[in-house]
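Peer 1: You'll find run.txt just under this line, and it carries compact mmCIF, C-alpha atoms.
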# COMPACT_ATOMS: atom_id res chain seq x y z
CA MET P 14 146.32 130.30 83.48
CA ASN P 15 147.03 133.69 84.89
CA PRO P 16 147.90 133.17 88.54
CA GLY P 17 147.20 136.81 89.40
CA MET P 18 143.50 136.47 88.74
CA ALA P 19 141.28 134.98 91.41
CA MET P 20 138.56 132.54 90.48
CA PRO P 21 135.27 134.40 89.91
CA VAL P 22 132.56 133.66 92.46
CA PRO P 23 130.03 132.14 90.03
CA VAL P 24 132.62 129.64 88.83
CA LEU P 25 133.23 128.38 92.34
CA LEU P 26 129.55 128.32 93.26
CA SER P 27 128.53 126.50 90.10
CA LEU P 28 131.29 123.94 90.56
CA LEU P 29 130.14 123.37 94.13
CA ALA P 30 126.57 122.92 92.92
CA ALA P 31 127.80 120.49 90.26
CA PHE P 32 129.59 118.41 92.88
CA ALA P 33 126.46 118.37 95.05
CA LEU P 34 124.30 117.32 92.08
CA THR P 35 126.78 114.55 91.36
CA ILE P 36 126.21 112.88 94.72
CA VAL P 37 122.53 113.68 95.29
CA PRO P 38 120.78 110.33 95.55
CA LEU P 39 118.56 109.55 92.60
CA PRO P 40 116.03 106.73 92.38
CA GLY P 41 117.76 103.55 91.30
CA ALA P 42 116.24 103.38 87.85
CA ILE P 43 117.46 106.78 86.65
CA SER P 44 120.64 106.90 88.67
CA PRO P 45 122.85 105.61 85.82
CA ALA P 46 121.51 108.42 83.62
CA ARG P 47 122.91 111.16 85.84
CA PRO P 48 124.54 113.79 83.59
CA GLU P 49 128.18 114.67 84.08
CA TRP P 50 127.43 117.92 85.89
CA VAL P 51 131.01 118.80 86.73
CA LEU P 52 132.14 118.37 83.15
CA LEU P 53 129.23 120.45 81.82
CA VAL P 54 130.06 123.30 84.17
CA LEU P 55 133.76 123.06 83.36
CA ILE P 56 133.05 123.15 79.62
CA TYR P 57 131.02 126.32 79.97
CA TRP P 58 133.60 128.16 82.04
CA GLY P 59 136.40 126.86 79.86
CA MET P 60 134.61 128.45 76.93
CA ALA P 61 133.91 131.67 78.79
CA PHE P 62 137.20 132.19 80.63
CA PRO P 63 139.79 130.02 78.91
CA ARG P 64 142.60 131.90 80.64
CA ARG P 65 141.31 131.33 84.13
CA VAL P 66 139.51 128.02 84.00
CA GLY P 67 142.03 125.75 82.43
CA ILE P 68 143.47 122.32 82.69
CA LEU P 69 144.64 122.78 86.28
CA VAL P 70 141.12 123.63 87.46
CA ALA P 71 139.77 120.62 85.59
CA PHE P 72 142.45 118.41 87.11
CA VAL P 73 141.75 119.51 90.69
CA SER P 74 137.98 119.17 90.17
CA GLY P 75 138.63 115.68 88.85
CA LEU P 76 140.63 114.74 91.94
CA PHE P 77 137.81 115.99 94.14
CA LEU P 78 135.33 113.99 92.08
CA ASP P 79 137.47 110.88 92.48
CA VAL P 80 137.31 111.22 96.24
CA LEU P 81 133.57 111.95 96.22
CA GLN P 82 132.82 108.91 94.08
CA HIS P 83 135.55 106.84 95.65
CA GLN P 84 137.31 105.97 92.47
CA LEU P 85 140.98 105.61 91.77
CA LEU P 86 142.66 108.92 92.54
CA GLY P 87 143.47 110.59 89.23
CA GLN P 88 140.94 108.77 87.11
CA ASN P 89 138.46 111.61 86.71
CA ALA P 90 141.31 114.09 86.94
CA LEU P 91 142.83 112.60 83.80
CA ALA P 92 139.51 112.50 81.97
CA LEU P 93 138.46 116.04 82.86
CA ALA P 94 141.89 117.47 82.09
CA ALA P 95 141.83 115.79 78.69
CA ALA P 96 138.34 117.15 77.96
CA MET P 97 139.43 120.61 79.08
CA PHE P 98 142.46 120.46 76.82
CA ILE P 99 140.14 119.95 73.86
CA VAL P 100 137.83 122.74 75.03
CA LEU P 101 140.79 125.10 75.17
CA GLN P 102 141.73 124.18 71.60
CA ILE P 103 138.29 124.78 70.12
CA TYR P 104 136.64 127.41 72.33
CA PRO P 105 136.67 130.22 69.71
CA ARG P 106 134.71 127.99 67.37
CA MET P 107 132.42 126.65 70.08
CA ARG P 108 131.36 130.15 71.11
CA VAL P 109 129.80 130.84 67.71
CA TYR P 110 128.16 127.44 67.30
CA PRO P 111 124.39 127.28 67.73
CA LEU P 112 123.33 125.51 70.92
CA TRP P 113 122.49 122.18 69.31
CA GLN P 114 125.88 122.05 67.68
CA GLN P 115 127.53 122.82 71.01
CA ALA P 116 125.50 119.96 72.46
CA VAL P 117 127.01 117.62 69.90
CA VAL P 118 130.50 118.70 70.94
CA VAL P 119 129.48 118.24 74.58
CA ALA P 120 128.28 114.74 73.82
CA PHE P 121 131.62 114.03 72.22
CA LEU P 122 133.50 115.34 75.25
CA VAL P 123 131.35 113.39 77.70
CA GLY P 124 131.91 110.31 75.59
CA LEU P 125 135.64 110.93 75.74
CA THR P 126 135.68 111.16 79.56
CA ARG P 127 133.45 108.11 79.87
CA PHE P 128 135.79 106.25 77.57
CA LEU P 129 138.89 107.24 79.55
CA ASN P 130 137.13 106.24 82.77
CA ILE P 131 136.03 102.84 81.52
CA TRP P 132 139.52 102.29 80.18
CA VAL P 133 141.07 102.90 83.59
CA GLN P 134 138.43 100.82 85.35
CA GLY P 135 138.99 98.01 82.88
CA ALA P 136 142.73 98.22 83.53
CA ILE P 137 142.23 97.71 87.26
CA GLY P 138 139.66 94.99 86.75
CA PHE P 139 136.25 96.51 87.48
CA PRO P 140 134.71 97.50 84.17
CA PRO P 141 131.02 98.46 84.52
CA GLY P 142 129.38 95.62 82.71
CA SER P 143 126.32 97.40 81.46
CA SER P 144 125.61 99.46 78.36
CA LEU P 145 123.74 101.88 80.67
CA TYR P 146 127.20 103.26 81.31
CA TRP P 147 126.94 105.32 78.11
CA ILE P 148 123.54 106.92 78.82
CA PRO P 149 125.06 110.08 80.44
CA ILE P 150 126.38 111.05 77.00
CA LEU P 151 122.79 111.53 75.88
CA THR P 152 121.45 113.13 79.07
CA SER P 153 124.41 115.49 79.34
CA ALA P 154 123.94 116.68 75.77
CA LEU P 155 120.20 117.14 76.32
CA LEU P 156 120.79 119.18 79.47
CA TRP P 157 123.54 121.28 77.94
CA PRO P 158 121.18 124.11 76.80
CA VAL P 159 119.80 124.38 80.35
CA VAL P 160 123.25 124.52 81.91
CA TYR P 161 124.36 126.98 79.25
CA HIS P 162 121.52 129.41 79.94
CA ILE P 163 121.82 129.22 83.72
CA LEU P 164 125.56 129.81 83.69
CA ARG P 165 125.35 132.56 81.06
CA ASP P 166 122.75 134.39 83.14
CA ALA P 167 124.92 133.99 86.20
CA ARG P 168 127.90 135.36 84.34
CA ARG P 169 125.93 138.37 83.11
CA ARG P 170 124.52 139.08 86.53
CA TRP P 171 128.04 139.21 87.92
CA LEU P 172 128.97 141.44 84.97
CA LEU P 173 131.80 139.24 83.88
CA HIS P 174 132.81 139.62 80.27
CA LEU P 175 134.17 136.90 78.11
CA THR P 176 137.91 136.93 78.22
CA MET Q 24 149.08 116.61 83.73
CA VAL Q 25 148.49 113.30 82.04
CA LEU Q 26 151.68 111.96 83.53
CA ILE Q 27 150.73 113.19 86.99
CA ALA Q 28 147.31 111.58 86.65
CA LEU Q 29 148.76 108.28 85.51
CA ALA Q 30 151.33 108.36 88.31
CA LEU Q 31 148.62 109.09 90.86
CA MET Q 32 146.50 106.22 89.63
CA ALA Q 33 149.42 103.83 89.66
CA LEU Q 34 150.39 104.86 93.18
CA ASP Q 35 146.84 104.57 94.42
CA HIS Q 36 146.18 101.22 92.85
CA ARG Q 37 149.47 99.43 93.40
CA PHE Q 38 150.87 100.83 96.59
CA HIS Q 39 148.00 102.47 98.48
CA GLN Q 40 150.32 105.36 99.24
CA LEU Q 41 147.75 108.06 98.87
CA GLN Q 42 145.65 107.46 101.95
CA THR Q 43 146.66 110.82 103.41
CA LEU Q 44 145.86 112.79 100.27
CA ARG Q 45 142.57 110.95 99.97
CA SER Q 46 141.77 111.58 103.60
CA VAL Q 47 142.50 115.28 103.30
CA LEU Q 48 140.35 115.63 100.19
CA ALA Q 49 137.64 113.49 101.75
CA THR Q 50 137.60 115.71 104.83
CA VAL Q 51 137.05 118.68 102.53
CA ALA Q 52 134.32 116.72 100.78
CA TYR Q 53 132.57 115.71 103.99
CA PRO Q 54 130.67 119.01 104.56
CA LEU Q 55 129.39 118.76 101.00
CA GLN Q 56 128.19 115.23 101.62
CA LEU Q 57 126.53 116.35 104.84
CA ALA Q 58 124.88 119.25 103.02
CA VAL Q 59 123.43 116.89 100.43
CA ASP Q 60 122.37 114.46 103.10
CA ALA Q 61 120.77 117.04 105.42
CA PRO Q 62 117.60 117.96 103.46
CA ILE Q 63 116.77 114.30 102.99
CA ARG Q 64 117.27 113.59 106.66
CA VAL Q 65 115.19 116.61 107.68
CA GLY Q 66 112.50 115.51 105.24
CA SER Q 67 112.20 112.09 106.80
CA ARG Q 68 112.19 113.63 110.28
CA ILE Q 69 109.30 115.91 109.29
CA LEU Q 70 107.45 112.90 107.95
CA ASP Q 71 108.10 111.20 111.28
CA SER Q 72 106.70 114.09 113.26
CA PHE Q 73 103.54 114.11 111.17
CA SER Q 74 102.88 110.41 111.51
CA ARG Q 75 99.70 109.68 113.36
CA HIS Q 76 99.46 109.13 117.08
CA GLU Q 77 97.83 105.71 116.89
CA GLN Q 78 100.50 104.61 114.48
CA LEU Q 79 103.19 105.59 116.94
CA VAL Q 80 101.42 103.84 119.78
CA LEU Q 81 101.10 100.73 117.68
CA GLU Q 82 104.74 100.86 116.70
CA ASN Q 83 105.74 101.44 120.29
CA ARG Q 84 103.76 98.42 121.42
CA LEU Q 85 105.34 96.27 118.74
CA LEU Q 86 108.81 97.42 119.72
CA ARG Q 87 108.05 96.71 123.37
CA SER Q 88 106.99 93.17 122.67
CA ASP Q 89 110.04 92.69 120.48
CA LEU Q 90 112.23 93.99 123.26
CA MET Q 91 110.64 91.64 125.79
CA GLU Q 92 111.20 88.69 123.54
CA LEU Q 93 114.80 89.64 122.80
CA ARG Q 94 115.51 90.19 126.50
CA ALA Q 95 114.16 86.78 127.31
CA ARG Q 96 116.40 85.29 124.66
CA GLN Q 97 119.33 87.30 125.91
CA LEU Q 98 118.89 85.69 129.36
CA ARG Q 99 119.43 82.29 127.86
CA PHE Q 100 122.19 83.60 125.64
CA ASP Q 101 124.25 84.85 128.59
CA ALA Q 102 123.95 81.51 130.31
CA LEU Q 103 124.86 79.65 127.14
CA GLN Q 104 127.79 81.95 126.53
CA ALA Q 105 129.13 81.25 130.02
CA GLU Q 106 128.66 77.55 129.52
CA ASN Q 107 130.35 77.71 126.14
CA ASP Q 108 133.34 79.56 127.59
CA ARG Q 109 133.62 76.99 130.37
CA LEU Q 110 133.51 74.08 127.95
CA ARG Q 111 136.03 75.73 125.69
CA ALA Q 112 138.30 76.28 128.66
CA LEU Q 113 137.95 72.58 129.49
CA LEU Q 114 138.90 71.70 125.93
CA HIS Q 115 141.79 74.18 125.99
CA THR Q 116 140.64 75.84 122.81
CA SER Q 117 140.85 79.58 122.34
CA ALA Q 118 138.04 81.62 123.74
CA GLN Q 119 135.72 83.17 121.24
CA ALA Q 120 136.39 86.73 120.23
CA THR Q 121 134.48 89.33 122.18
CA GLU Q 122 132.61 91.81 120.10
CA ARG Q 123 131.58 95.39 120.36
CA VAL Q 124 129.16 97.20 118.07
CA GLU Q 125 128.45 100.82 117.39
CA ILE Q 126 125.61 102.32 115.37
CA THR Q 127 126.56 104.39 112.38
CA LYS Q 128 124.44 106.33 109.92
CA LEU Q 129 124.63 105.95 106.19
CA LEU Q 130 124.90 109.24 104.37
CA ALA Q 131 122.39 109.61 101.57
CA VAL Q 132 124.89 110.26 98.82
CA ASP Q 133 125.33 108.40 95.59
CA LEU Q 134 128.68 107.09 94.53
CA ASP Q 135 129.48 105.48 91.23
CA PRO Q 136 126.21 103.73 90.23
CA PHE Q 137 128.15 100.75 88.90
CA ARG Q 138 129.91 100.02 92.17
CA GLN Q 139 128.15 99.03 95.36
CA GLN Q 140 129.63 101.40 97.89
CA ILE Q 141 128.27 103.52 100.71
CA VAL Q 142 129.47 106.36 102.92
CA ILE Q 143 129.04 106.20 106.69
CA ASN Q 144 129.44 108.95 109.25
CA LYS Q 145 132.15 107.36 111.38
CA GLY Q 146 135.82 107.56 110.59
CA ARG Q 147 139.28 106.92 111.87
CA LEU Q 148 138.63 109.24 114.82
CA ASP Q 149 136.01 106.74 116.00
CA GLY Q 150 138.40 103.84 115.63
CA VAL Q 151 137.23 102.57 112.26
CA TYR Q 152 139.83 100.48 110.46
CA PRO Q 153 140.06 99.09 106.91
CA GLY Q 154 138.39 95.75 106.47
CA GLN Q 155 136.12 96.28 109.45
CA PRO Q 156 132.84 94.34 109.16
CA LEU Q 157 129.61 96.26 108.78
CA ILE Q 158 126.36 94.54 109.72
CA ASN Q 159 122.78 95.45 110.49
CA ALA Q 160 120.02 93.73 112.40
CA ASP Q 161 119.36 91.30 109.54
CA GLY Q 162 122.81 90.30 108.45
CA VAL Q 163 126.14 91.28 107.00
CA ILE Q 164 126.24 94.44 104.87
CA GLY Q 165 129.85 94.88 103.88
CA GLN Q 166 133.24 95.99 105.02
CA ILE Q 167 135.10 99.25 105.39
CA LEU Q 168 137.16 100.16 102.35
CA THR Q 169 138.77 103.46 103.32
CA PRO Q 170 138.39 105.12 106.67
CA ASN Q 171 138.78 108.91 106.51
CA TRP Q 172 138.89 111.17 109.52
CA THR Q 173 135.21 111.61 110.08
CA SER Q 174 133.59 109.42 107.45
CA SER Q 175 134.39 106.17 105.74
CA THR Q 176 133.65 104.45 102.49
CA ALA Q 177 132.41 100.89 102.74
CA LEU Q 178 132.13 98.16 100.14
CA LEU Q 179 128.85 96.24 100.13
CA ILE Q 180 128.89 92.48 99.85
CA SER Q 181 127.00 92.87 96.56
CA ASP Q 182 129.87 94.71 94.85
CA PRO Q 183 131.29 92.67 91.98
CA GLY Q 184 134.73 93.04 93.55
CA HIS Q 185 133.68 91.58 96.89
CA ALA Q 186 133.86 87.94 97.85
CA LEU Q 187 132.77 86.62 101.22
CA PRO Q 188 133.63 83.17 102.57
CA VAL Q 189 130.40 81.56 103.77
CA ILE Q 190 129.15 78.22 104.99
CA VAL Q 191 125.76 76.69 104.43
CA ALA Q 192 124.17 76.55 107.88
CA ARG Q 193 122.40 73.23 107.24
CA THR Q 194 125.32 71.21 105.93
CA GLY Q 195 128.47 73.14 106.77
CA LEU Q 196 129.42 73.29 103.10
CA ARG Q 197 131.97 76.06 102.47
CA ALA Q 198 131.54 78.42 99.54
CA LEU Q 199 132.43 81.85 98.29
CA ALA Q 200 129.64 84.44 97.94
CA VAL Q 201 130.64 86.89 95.23
CA GLY Q 202 128.77 90.14 94.65
CA SER Q 203 126.94 90.62 91.39
CA GLY Q 204 126.49 94.39 91.23
CA ASN Q 205 122.81 93.92 92.05
CA PRO Q 206 122.04 94.65 95.72
CA ARG Q 207 119.55 91.78 95.89
CA ARG Q 208 121.79 89.11 94.47
CA LEU Q 209 124.93 87.22 95.42
CA ASN Q 210 126.45 84.40 93.41
CA LEU Q 211 127.97 81.30 94.94
CA ARG Q 212 131.02 80.20 93.05
CA HIS Q 213 132.70 76.85 92.62
CA VAL Q 214 130.14 74.53 94.15
CA PRO Q 215 130.29 71.15 92.39
CA PRO Q 216 126.96 69.64 91.27
CA GLN Q 217 127.08 66.69 93.69
CA GLU Q 218 126.98 68.93 96.77
CA ASP Q 219 123.90 69.01 98.95
CA ILE Q 220 122.57 72.53 98.65
CA GLU Q 221 119.03 73.64 98.01
CA GLU Q 222 116.73 76.60 97.78
CA GLY Q 223 116.07 78.28 101.13
CA ASP Q 224 119.38 77.30 102.71
CA LEU Q 225 120.81 79.91 105.04
CA LEU Q 226 124.35 81.16 104.49
CA LEU Q 227 126.49 82.23 107.44
CA THR Q 228 129.90 83.87 107.47
CA SER Q 229 132.53 81.20 107.93
CA GLY Q 230 135.17 83.41 109.47
CA LEU Q 231 137.76 81.86 107.19
CA GLY Q 232 138.77 85.11 105.55
CA GLY Q 233 139.84 86.43 108.93
CA ARG Q 234 137.85 89.64 108.47
CA PHE Q 235 134.34 88.69 109.41
CA PRO Q 236 133.64 86.87 112.65
CA PRO Q 237 131.99 83.48 112.06
CA ASP Q 238 128.27 82.70 112.20
CA TYR Q 239 126.72 85.96 111.12
CA PRO Q 240 123.80 85.45 108.72
CA VAL Q 241 124.52 86.63 105.19
CA ALA Q 242 121.99 85.44 102.65
CA ARG Q 243 119.43 82.84 101.70
CA ILE Q 244 119.70 80.69 98.58
CA VAL Q 245 117.00 81.58 96.06
CA SER Q 246 117.90 79.34 93.16
CA VAL Q 247 120.15 76.40 92.43
CA GLU Q 248 120.63 75.47 88.82
CA HIS Q 249 122.68 72.82 87.15
CA LEU Q 250 123.48 73.60 83.55
CA PRO Q 251 124.61 70.44 81.81
CA GLY Q 252 128.17 70.87 80.65
CA GLN Q 253 129.07 73.35 83.34
CA PRO Q 254 131.48 72.06 85.99
CA PHE Q 255 129.82 74.01 88.83
CA LEU Q 256 126.32 74.81 89.97
CA VAL Q 257 124.85 78.22 89.24
CA ILE Q 258 123.62 79.39 92.63
CA ALA Q 259 121.97 82.70 93.42
CA ALA Q 260 121.39 83.98 96.94
CA GLU Q 261 119.57 87.01 98.27
CA PRO Q 262 121.25 89.01 101.05
CA LEU Q 263 119.22 89.06 104.26
CA ALA Q 264 120.04 92.69 104.94
CA ALA Q 265 118.28 95.14 102.64
CA LEU Q 266 121.49 96.56 101.20
CA ASP Q 267 119.81 99.28 99.18
CA ARG Q 268 117.30 100.41 101.79
CA SER Q 269 118.97 100.66 105.16
CA ARG Q 270 119.87 104.03 106.66
CA GLU Q 271 121.72 102.65 109.64
CA ALA Q 272 124.36 100.04 110.11
CA LEU Q 273 126.40 98.55 112.93
CA LEU Q 274 130.16 98.67 112.98
CA LEU Q 275 131.65 95.59 114.53
CA TRP Q 276 134.86 95.53 116.51
CA THR Q 277 136.18 92.10 117.25
CA ASP Q 278 138.83 91.91 119.92
CA ALA Q 279 140.45 88.68 118.96
CA PRO Q 280 141.92 86.96 122.03
CA GLU Q 281 145.17 86.21 120.24
CA ALA Q 282 146.59 88.76 117.85
CA GLN Q 283 147.24 87.60 114.32
CA PRO Q 284 150.55 89.10 113.30
CA GLY Q 285 151.48 89.28 109.66
CA VAL Q 286 147.95 89.64 108.39
CA GLU Q 287 148.41 92.12 105.61
CA GLU Q 288 145.44 94.45 105.26
CA ARG Q 289 144.75 95.31 101.67
CA PRO Q 290 141.80 97.65 101.65
CA ASP Q 291 140.91 97.06 98.01
CA GLY Q 292 141.51 93.38 97.84
CA PRO Q 293 138.57 91.04 97.94
CA GLU Q 294 138.58 88.79 100.93
Show this structure as C-alpha cells.
Peer 2:
Amino acid sequence: MNPGMAMPVPVLLSLLAAFALTIVPLPGAISPARPEWVLLVLIYWGMAFPRRVGILVAFVSGLFLDVLQHQLLGQNALALAAAMFIVLQIYPRMRVYPLWQQAVVVAFLVGLTRFLNIWVQGAIGFPPGSSLYWIPILTSALLWPVVYHILRDARRRWLLHLT
Amino acid sequence: MVLIALALMALDHRFHQLQTLRSVLATVAYPLQLAVDAPIRVGSRILDSFSRHEQLVLENRLLRSDLMELRARQLRFDALQAENDRLRALLHTSAQATERVEITKLLAVDLDPFRQQIVINKGRLDGVYPGQPLINADGVIGQILTPNWTSSTALLISDPGHALPVIVARTGLRALAVGSGNPRRLNLRHVPPQEDIEEGDLLLTSGLGGRFPPDYPVARIVSVEHLPGQPFLVIAAEPLAALDRSREALLLWTDAPEAQPGVEERPDGPE
C-alpha cells in the first residue's frame, strides 16, 4: 500500500456498485445463488493495482459487508483479507492466465471465503444448514468473465495503467 | 489483519462492545440501502398510480366496511378494557401494560439468505431498543436485534436462532416456537405426546420471555406428528403474519407499569 496514492475513481464506484448488488433483493429461489460481487471486484482490482488495492482495502470492505449483511463484525473482513492476500501472492501469474483459468482461481478464492465464513458461523452456532450455501462458488466463477470485461473497460476508459 | 479480525469477532460475539462501531458503519451504509430500496418503492408506487379507478373504488369500499366493523369492535373493547382494569384493581393485581405502536417500513434489501433478518427504517433516534417486539396486522413478526441511528436490524421469528414462548389458545399449553429458517414454518419443541394439541390450534405469545406482551397471535398449527420412539411430538406451525411478503410492520412499545430491574438485554440471545 502506498499511502500517497488516492484510490482511483473506478475502484470506488465499482465497489459501491458491488455493495449495492449484494443487497438488491432477488427472488427467493435464486437468492442463495447471488455471486460474491464484492470479492469479484476486489480480485480484479487486486490484480490490476496490487500496490493500491491491498489487504487493508479488502479488510475495510469486509467490515462494511458485515454491517450490510448483519453478520459478526470481522467475519467477512477476515475472509476477504485472506482472499486478497492470496491474490497479492499470485497476481503476476493470474494476469497472463486465460479467462477460464482465472475463473477457476476465482472459484477457489470464493470457496475459501465461503469456507472461512461457514467456519465462523459454525463457531458461533448458526451454520447455514443447506448445501445451497456453496452455489455462489459456481455463479461467481461463471460471472467472472463479465466482471473482468466491465472493469477492464472501465480501467481503460479512465486511462489507468496496470501498476 | 487476521488477529484484528479475530479480535473483532470475539468482541462482537462475546461482549457486544462494538455497538458504536457497528452503528457508525451502519449509518454510512444506510444511504446505500435507501438507494437500493428506492427504485423498488418507486416502481410499486407507479403501479399503484396506474391501477384502475374501479379497482380503487372497490378497495376503498372494502376498507371502509372494514373500518366500520373495527370501530364497532373498538367500542366494545374500550368498555371491556375499563371493566378489566376495574376488576384487576379490585383483585389488587397489577394493571396490564399500556401499549403504543408506530408504523415502520421494511427496506427492500437482502441480508444473508440463510438468516431470517430484515432492515426497518426506524432507529435509536425514534426510540427503538434491542429486543423490541415487531408485529403486523396479522401477528408477531420478530424482534429488534440491533438498533442503529436511523435504521434497525430485526430478527424474524422464523430465524433458526429465535425461540418464542407461546401458549396454545385453546388449552393454555405452554411451548416454545423455534424458527426453522423457512419463513412459513415454526417448530414447537418439547411437547410430550400425551398433551392435547391438534391441527388448527392457534398459538399466542405467552409473555413469559418478558420481551413480547402476552396474547398476540403468532401462528397456527399445521401438523402434529408422533414418531414412535421419539420422546416429543413433531409439531409444525405456520406464522400468521406473512413474514416474507410484508412491506410494513408495527413497532410495539410496552410501558410496563412496574419496571423490571436486572433484566439483562442480550440482543443476540434467543428469548
Peer 1: Can you list, as a count of residues only, every protein, DNA or RNA residue that comes within 7 Å of Q:Asp133 when you count all atoms listed in the file, leaving out same-chain residues fewer than 2 positions away?
Peer 2: 5
Peer 1: Could you state the separation of atom CA of P:Tyr161 and atom CA of P:Val100 in Å, given to one decimal place?
Peer 2: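 If I compute the distance from atom CA of P:Tyr161 to atom CA of P:Val100, I get 14.7 Å.
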Peer 1: Pick out the residues sitting within 10 Å of Q:Ala186, and hand them over as a list in words; count only C-alpha atoms, and ignore anything fewer than 6 positions along from it in its own chain.
Peer 2: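 After dropping sequence-adjacent residues, the list is Leu179, Ile180, Ala198, Leu199, Ala200, Val201, Gly202, Ser203, Leu209, Asn210, Leu211, Arg212, Gly232, Gly292, Pro293 and Glu294 of chain Q.
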Peer 1: Provide the atom CA of P:Glu49 to atom CA of Q:Val132 distance in Å, to one decimal place.
Peer 2: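 Separating atom CA of P:Glu49 from atom CA of Q:Val132 is a distance of 15.7 Å.
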Peer 1: Between Q:Gln104, Q:Gln253, Q:Gln140, Q:Ser181, which has the minimum distance to chain P (counting all atoms listed in the file)?
Peer 2: Q:Gln140
Peer 1: Just need the residues of chain Q within 9 Å of chain P, counting all atoms listed in the file, so spit them out as a VMD selection string.
Peer 2: chain Q and resid 24 to 36 41 45 to 46 48 to 49 51 to 53 55 to 56 58 to 60 131 to 138 140 169 176 183 to 184
Peer 1: Pick from P:Trp147, P:Val54, P:Val119, P:Leu26: nearest to P:Ile131, with only C-alpha atoms counted?
Peer 2: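 Going through P:Trp147, P:Val54, P:Val119, P:Leu26 one by one, the smallest distance to P:Ile131 is for P:Trp147.
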Peer 1: Which distance in Å separates atom CA of Q:Arg197 and atom CA of Q:Leu226, to one decimal?
Peer 2: 9.4 Å
Peer 1: Applying 12 Å and only C-alpha atoms, which residues near P:Met20 remain after dropping the ones on its own chain fewer than 5 positions away? List them as a PDB file with C-alpha atoms, in the frame of the given file.
Peer 2:
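Written output follows (result-v3.pdb):
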ATOM      1  CA  MET P  14     146.320 130.300  83.480  1.00  0.00           C
ATOM      2  CA  ASN P  15     147.030 133.690  84.890  1.00  0.00           C
ATOM      3  CA  LEU P  25     133.230 128.380  92.340  1.00  0.00           C
ATOM      4  CA  LEU P  26     129.550 128.320  93.260  1.00  0.00           C
ATOM      5  CA  SER P  27     128.530 126.500  90.100  1.00  0.00           C
ATOM      6  CA  LEU P  28     131.290 123.940  90.560  1.00  0.00           C
ATOM      7  CA  TRP P  58     133.600 128.160  82.040  1.00  0.00           C
ATOM      8  CA  PHE P  62     137.200 132.190  80.630  1.00  0.00           C
ATOM      9  CA  PRO P  63     139.790 130.020  78.910  1.00  0.00           C
ATOM     10  CA  ARG P  64     142.600 131.900  80.640  1.00  0.00           C
ATOM     11  CA  ARG P  65     141.310 131.330  84.130  1.00  0.00           C
ATOM     12  CA  VAL P  66     139.510 128.020  84.000  1.00  0.00           C
ATOM     13  CA  GLY P  67     142.030 125.750  82.430  1.00  0.00           C
ATOM     14  CA  VAL P  70     141.120 123.630  87.460  1.00  0.00           C
ATOM     15  CA  LEU P 173     131.800 139.240  83.880  1.00  0.00           C
TER      16      LEU P 173
END
Peer 1: Taking (125.2, 93.9, 114.5) in the file's coordinates as the center, which residues reach within 7 Å of it, counting all atoms listed in the file, put as a list in words?
Peer 2: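 Using all atoms listed in the file, the matching residues come out as Val124, Ile158, Asn159, Ala160, Leu273 and Leu275 of chain Q.
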Peer 1: Taking only C-alpha atoms into account, which of Q:Ser74, Q:Ser175, Q:Asn83, Q:Gln97 comes nearest Q:Gly150?
Peer 2: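 Looking only at the distances to Q:Gly150, the closest residue turns out to be Q:Ser175.
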